[in-house]
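S.K.: To be precise about what I am sending: the file is called structure.tsv and holds TSV, C-alpha atoms.
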chain	number	residue	atom	x	y	z
K	480	MET	CA	68.12	88.28	77.40
K	481	CYS	CA	65.76	90.28	75.25
K	482	SER	CA	65.39	87.99	72.24
K	483	SER	CA	63.67	90.45	69.94
K	484	ASP	CA	62.47	93.98	69.67
K	485	LEU	CA	58.92	92.65	69.31
K	486	SER	CA	58.56	91.61	72.96
K	487	ALA	CA	60.02	94.96	74.01
K	488	LEU	CA	57.50	96.81	71.84
K	489	CYS	CA	54.58	94.81	73.23
K	490	ARG	CA	55.65	95.42	76.82
K	491	GLY	CA	56.39	99.08	76.01
K	492	ARG	CA	52.85	99.46	74.72
K	493	GLU	CA	51.48	97.96	77.96
K	494	ILE	CA	53.59	100.34	80.07
K	495	VAL	CA	52.35	103.37	78.16
K	496	ALA	CA	48.73	102.21	78.31
K	497	ALA	CA	48.91	101.75	82.06
K	498	HIS	CA	51.13	104.63	83.16
K	499	GLY	CA	51.41	107.17	80.33
K	500	PRO	CA	54.12	108.13	77.82
K	501	ALA	CA	56.58	109.45	80.42
K	502	ALA	CA	56.74	106.01	82.07
K	503	LEU	CA	58.36	104.43	79.01
K	504	THR	CA	62.12	104.49	79.60
K	505	VAL	CA	64.91	102.18	78.54
K	506	ARG	CA	65.76	101.37	82.17
K	507	GLY	CA	62.13	100.85	83.16
K	508	LEU	CA	61.47	98.56	80.21
K	509	ALA	CA	64.64	96.60	80.93
K	510	ARG	CA	63.51	96.15	84.54
K	511	GLU	CA	60.07	94.96	83.37
K	512	LEU	CA	61.61	92.43	80.98
K	513	GLY	CA	64.26	91.28	83.43
K	514	VAL	CA	67.17	92.30	81.23
K	515	THR	CA	69.87	94.93	81.35
K	516	PRO	CA	69.35	98.35	79.74
K	517	ARG	CA	72.16	97.40	77.37
K	518	ALA	CA	69.99	94.58	75.97
K	519	ILE	CA	67.23	97.10	75.20
K	520	ARG	CA	69.76	99.46	73.63
K	521	TYR	CA	70.79	96.69	71.27
K	522	TRP	CA	67.40	97.06	69.59
K	523	PHE	CA	66.73	100.74	70.30
K	524	ARG	CA	69.74	103.07	70.33
K	525	SER	CA	68.04	105.67	72.52
K	526	GLN	CA	64.95	106.33	74.54
K	527	ALA	CA	63.63	108.44	71.67
K	528	ASP	CA	64.04	105.46	69.31
K	529	LEU	CA	62.17	103.22	71.75
K	530	ARG	CA	59.29	105.66	72.11
K	531	ALA	CA	59.18	106.26	68.37
K	532	ALA	CA	59.00	102.50	67.70
K	533	VAL	CA	56.18	101.99	70.21
K	534	ALA	CA	54.35	105.03	68.82
K	535	GLU	CA	54.67	103.69	65.27
K	536	ARG	CA	53.28	100.32	66.37
K	537	VAL	CA	50.31	101.99	68.07
K	538	ALA	CA	49.65	104.17	65.03
K	539	GLU	CA	49.84	101.21	62.65
K	540	SER	CA	46.97	99.51	64.44
K	541	VAL	CA	44.78	102.61	64.05
K	542	ASN	CA	45.92	103.44	60.52
K	543	ARG	CA	45.07	99.95	59.24
K	544	THR	CA	41.41	100.67	59.99
K	545	LEU	CA	41.30	104.08	58.26
K	546	PRO	CA	39.33	104.10	55.00
K	547	ASP	CA	40.83	104.82	51.62
K	548	ARG	CA	39.10	107.08	49.11
K	549	THR	CA	37.74	104.05	47.27
K	550	VAL	CA	35.46	103.13	50.19
K	551	ALA	CA	32.77	105.74	49.58
K	552	SER	CA	32.32	109.40	48.80
K	553	PRO	CA	35.01	111.72	50.17
K	554	ARG	CA	32.63	113.01	52.83
K	555	GLU	CA	31.65	109.52	54.04
K	556	SER	CA	35.29	108.42	54.03
K	557	LEU	CA	36.34	111.47	56.06
K	558	GLU	CA	33.47	110.95	58.53
K	559	LYS	CA	34.58	107.37	59.04
K	560	ALA	CA	38.28	108.26	59.32
K	561	SER	CA	37.70	111.03	61.86
K	562	SER	CA	35.37	108.81	63.89
K	563	ILE	CA	37.93	105.96	63.97
K	564	TRP	CA	40.75	108.32	64.92
K	565	ILE	CA	38.80	110.04	67.71
K	566	ASP	CA	37.44	106.73	69.07
K	567	ALA	CA	40.96	105.29	69.17
K	568	ALA	CA	42.12	108.29	71.18
K	569	ALA	CA	39.23	108.02	73.62
K	570	SER	CA	39.63	104.27	74.14
K	571	GLU	CA	43.40	104.35	74.82
K	572	PRO	CA	44.35	107.93	75.72
K	573	ASN	CA	47.90	107.23	76.93
K	574	LEU	CA	48.73	105.31	73.77
K	575	TYR	CA	47.25	108.08	71.63
K	576	ARG	CA	49.29	110.68	73.49
K	577	LEU	CA	52.47	108.74	72.79
K	578	ALA	CA	51.55	108.15	69.14
K	579	SER	CA	50.88	111.84	68.65
K	580	GLY	CA	54.30	112.78	69.95
K	581	GLU	CA	53.84	113.48	73.67
K	582	GLY	CA	56.86	112.60	75.75
K	583	TRP	CA	59.35	111.99	72.97
K	584	VAL	CA	61.31	113.69	70.28
K	585	GLY	CA	62.06	111.23	67.57
K	586	PRO	CA	62.25	110.84	63.83
K	587	GLY	CA	59.70	113.06	62.15
K	588	LEU	CA	59.57	115.65	64.90
K	589	GLY	CA	61.31	118.98	64.87
K	590	TRP	CA	62.03	121.79	62.50
K	591	ARG	CA	62.51	120.62	58.97
K	592	GLY	CA	62.77	122.99	56.07
K	593	GLY	CA	61.30	125.90	58.02
K	594	ALA	CA	58.22	124.03	59.24
K	595	PHE	CA	57.43	121.86	62.23
K	596	ALA	CA	56.99	118.30	61.02
K	597	ALA	CA	54.15	116.19	62.42
K	598	PRO	CA	54.84	112.97	64.32
K	599	PRO	CA	54.82	109.97	61.97
K	600	PRO	CA	51.32	108.76	62.99
K	601	LEU	CA	49.81	112.17	62.27
K	602	THR	CA	51.72	112.29	59.01
K	603	GLU	CA	50.01	109.03	58.02
K	604	LEU	CA	46.60	110.45	58.97
K	605	ARG	CA	47.43	113.50	56.84
K	606	ARG	CA	48.33	111.23	53.90
K	607	ARG	CA	45.09	109.27	54.24
K	608	VAL	CA	43.00	112.42	54.41
K	609	ASP	CA	44.85	113.79	51.40
K	610	ARG	CA	44.15	110.57	49.45
K	611	ILE	CA	40.46	110.85	50.32
K	612	LEU	CA	40.28	114.48	49.19
K	613	ARG	CA	42.28	114.24	45.97
K	614	SER	CA	40.74	113.14	42.73
K	615	PRO	CA	42.43	110.09	41.21
K	616	ALA	CA	42.99	112.02	37.97
K	617	ARG	CA	45.02	114.67	39.80
K	618	ASP	CA	47.42	112.14	41.35
K	619	ARG	CA	48.63	110.30	38.23
K	620	GLY	CA	51.07	108.38	40.43
K	621	ARG	CA	53.05	111.46	41.45
K	622	ALA	CA	54.21	112.06	45.01
K	623	LEU	CA	52.57	115.35	45.90
K	624	PRO	CA	52.75	117.20	49.21
K	625	PRO	CA	49.56	117.14	51.29
K	626	SER	CA	47.02	119.74	50.29
K	627	PRO	CA	46.30	122.60	52.71
K	628	LYS	CA	42.81	121.16	53.17
K	629	ALA	CA	44.26	117.77	54.21
K	630	ILE	CA	46.60	119.45	56.68
K	631	LEU	CA	43.70	121.41	58.15
K	632	VAL	CA	41.38	118.39	58.42
K	633	SER	CA	44.00	116.11	59.98
K	634	SER	CA	45.06	118.82	62.45
K	635	VAL	CA	41.47	119.48	63.50
K	636	VAL	CA	40.74	115.74	63.83
K	637	HIS	CA	43.81	115.44	66.05
K	638	GLY	CA	42.63	118.42	68.11
K	639	LEU	CA	39.18	116.85	68.49
K	640	ALA	CA	40.79	113.57	69.58
K	641	MET	CA	42.78	115.42	72.24
K	642	ALA	CA	39.62	117.24	73.35
K	643	ARG	CA	37.89	113.87	73.72
K	644	ILE	CA	40.79	112.62	75.86
K	645	GLU	CA	40.54	115.72	78.04
K	646	GLY	CA	36.91	114.95	78.82
K	647	VAL	CA	34.86	116.81	76.23
K	648	PRO	CA	31.66	114.78	75.77
K	649	ALA	CA	31.55	112.54	72.69
K	650	ASP	CA	28.42	114.21	71.28
K	651	ARG	CA	30.09	117.64	71.33
K	652	VAL	CA	33.22	116.31	69.62
K	653	GLU	CA	31.04	114.55	67.02
K	654	LYS	CA	29.12	117.79	66.40
K	655	ALA	CA	32.37	119.73	65.94
K	656	ALA	CA	33.63	117.12	63.46
K	657	GLY	CA	30.35	117.41	61.55
K	658	LEU	CA	30.66	121.20	61.40
K	659	LEU	CA	34.19	120.87	60.04
K	660	LEU	CA	33.05	118.50	57.31
K	661	ASP	CA	30.05	120.72	56.49
K	662	ALA	CA	32.39	123.66	56.00
K	663	LEU	CA	34.92	121.79	53.87
K	664	LEU	CA	32.74	119.31	51.98
K	665	PRO	CA	29.17	120.46	51.56
K	666	ALA	CA	26.82	117.51	51.09
Take the structure from the file and write it as structure tokens.
M.R.:
Amino acid sequence: MCSSDLSALCRGREIVAAHGPAALTVRGLARELGVTPRAIRYWFRSQADLRAAVAERVAESVNRTLPDRTVASPRESLEKASSIWIDAAASEPNLYRLASGEGWVGPGLGWRGGAFAAPPPLTELRRRVDRILRSPARDRGRALPPSPKAILVSSVVHGLAMARIEGVPADRVEKAAGLLLDALLPA
């Protein structure tokens, strides 16, 4: 019997890393764990919930290493954040694909209020970028939507990460990231 969702998430992560996002199914995971699909469905109501949970777990490990605005100047913080994000994508491409929404439609994806919502991991990247770009005086503890600049930066960083996965050389991706930061945050 599947004693906790934690073992299922760990094994789900291994399946995605080895075989890609499409390989993560409730039946396949149940087979790997030696349980019935019903045992997996106890913890995850649907395949989308399972994939979303694994994606969240993958994203948490990357997001914990992202800098906050207190680390350095906004430019240095953004350089570090984009480098971490792109390196994570290059080191584990199948996990990054899952975390960025490939192969699942789960919470946080779809049309909401007339706009396509980002997958939860990309939403967290957007929040971090927004925190780096905003001045502390502007926040004053209020929950504000991400700035257009934060949405642009996080989207481009995601695009550069996907380019890196698709085989674009690291130096070219790094140069593109530098050009983006030069345009948005002159030194």
S.K.: Could you tell me how far atom CA of Ala538 of chain K sits from atom CA of Arg605 of chain K, in Å to one decimal place?
M.R.: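 These two atoms are separated by 12.6 Å.
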S.K.: Find the residues around Arg606 of chain K up to 9 Å (only C-alpha atoms counted), leave out those fewer than 2 positions away in its own chain, and share them as a PyMOL selection string.
M.R.: chain K and resi 601-604+608-611+624-625+629-630+633
S.K.: Report, in Å to a single decimal, how far apart atom CA of Arg607 of chain K and atom CA of Thr544 of chain K are.
M.R.: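 Taking atom CA of Thr544 of chain K as the start and atom CA of Arg607 of chain K as the end point, the length is 11.0 Å.
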S.K.: Please determine the residues with any atom at most 12 Å from (37.1, 107.4, 68.7) (coordinates as given in the file, with all atoms listed in the file counting) and report them as an MDAnalysis selection string.
M.R.: chainID K and resid 541 544:545 558:572 575 636:637 639:644 648:650 652:653 656
S.K.: Give me, as a ChimeraX atom specification, all polymer residues having an atom no more than 10 Å from Leu664 of chain K, counting all atoms listed in the file and skipping those fewer than 6 positions away in the same chain.
M.R.: /K:553-554,557,612,658
S.K.: Find the residues with any atom within 10 Å of (55.5, 108.5, 78.4); use all atoms listed in the file and the coordinates as given in the file, and write the answer as a list in words.
M.R.: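 In the file's frame, the residues around the point are Gly491, Ile494, Val495, Ala496, His498, Gly499, Pro500, Ala501, Ala502, Leu503, Thr504, Arg530, Asn573, Leu574, Arg576, Leu577, Gly580, Glu581, Gly582 and Trp583 of chain K.
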S.K.: Deliver the residues from the most recent selection as a file, using C-alpha atoms, as a PDB file, keeping the file's coordinate frame.
M.R.:
ATOM      1  CA  GLY K 491      56.390  99.080  76.010  1.00  0.00           C
ATOM      2  CA  ILE K 494      53.590 100.340  80.070  1.00  0.00           C
ATOM      3  CA  VAL K 495      52.350 103.370  78.160  1.00  0.00           C
ATOM      4  CA  ALA K 496      48.730 102.210  78.310  1.00  0.00           C
ATOM      5  CA  HIS K 498      51.130 104.630  83.160  1.00  0.00           C
ATOM      6  CA  GLY K 499      51.410 107.170  80.330  1.00  0.00           C
ATOM      7  CA  PRO K 500      54.120 108.130  77.820  1.00  0.00           C
ATOM      8  CA  ALA K 501      56.580 109.450  80.420  1.00  0.00           C
ATOM      9  CA  ALA K 502      56.740 106.010  82.070  1.00  0.00           C
ATOM     10  CA  LEU K 503      58.360 104.430  79.010  1.00  0.00           C
ATOM     11  CA  THR K 504      62.120 104.490  79.600  1.00  0.00           C
ATOM     12  CA  ARG K 530      59.290 105.660  72.110  1.00  0.00           C
ATOM     13  CA  ASN K 573      47.900 107.230  76.930  1.00  0.00           C
ATOM     14  CA  LEU K 574      48.730 105.310  73.770  1.00  0.00           C
ATOM     15  CA  ARG K 576      49.290 110.680  73.490  1.00  0.00           C
ATOM     16  CA  LEU K 577      52.470 108.740  72.790  1.00  0.00           C
ATOM     17  CA  GLY K 580      54.300 112.780  69.950  1.00  0.00           C
ATOM     18  CA  GLU K 581      53.840 113.480  73.670  1.00  0.00           C
ATOM     19  CA  GLY K 582      56.860 112.600  75.750  1.00  0.00           C
ATOM     20  CA  TRP K 583      59.350 111.990  72.970  1.00  0.00           C
TER      21      TRP K 583
END
S.K.: Go ahead and compute the interatomic distance for atom CA of Leu660 of chain K and atom CA of Lys628 of chain K, in Å to one decimal.
M.R.: 10.9 Å
S.K.: Could you put an axis-aligned box around every listed atom of segment 557-560 of chain K, padded by 5 Å on each side, and send me its centre and edge lengths in Å to one decimal, as JSON?
M.R.:
{"center_x": 35.9, "center_y": 109.4, "center_z": 57.7, "size_x": 14.8, "size_y": 14.1, "size_z": 13.3}
S.K.: Using only C-alpha atoms, find the one residue out of K:Leu659, K:Ala534, K:Ala527, K:Ala509 that sits nearest to Ser486 of chain K.
M.R.: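 Closest residue, counting only C-alpha atoms: K:Ala509.
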S.K.: Restricting the calculation to all atoms listed in the file, which member of K:Ala531, K:Val647, K:Ala487, K:Ala497 is positioned closest to Pro516 of chain K?
M.R.: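 Comparing K:Ala531, K:Val647, K:Ala487, K:Ala497 against Pro516 of chain K, the winner is K:Ala487.
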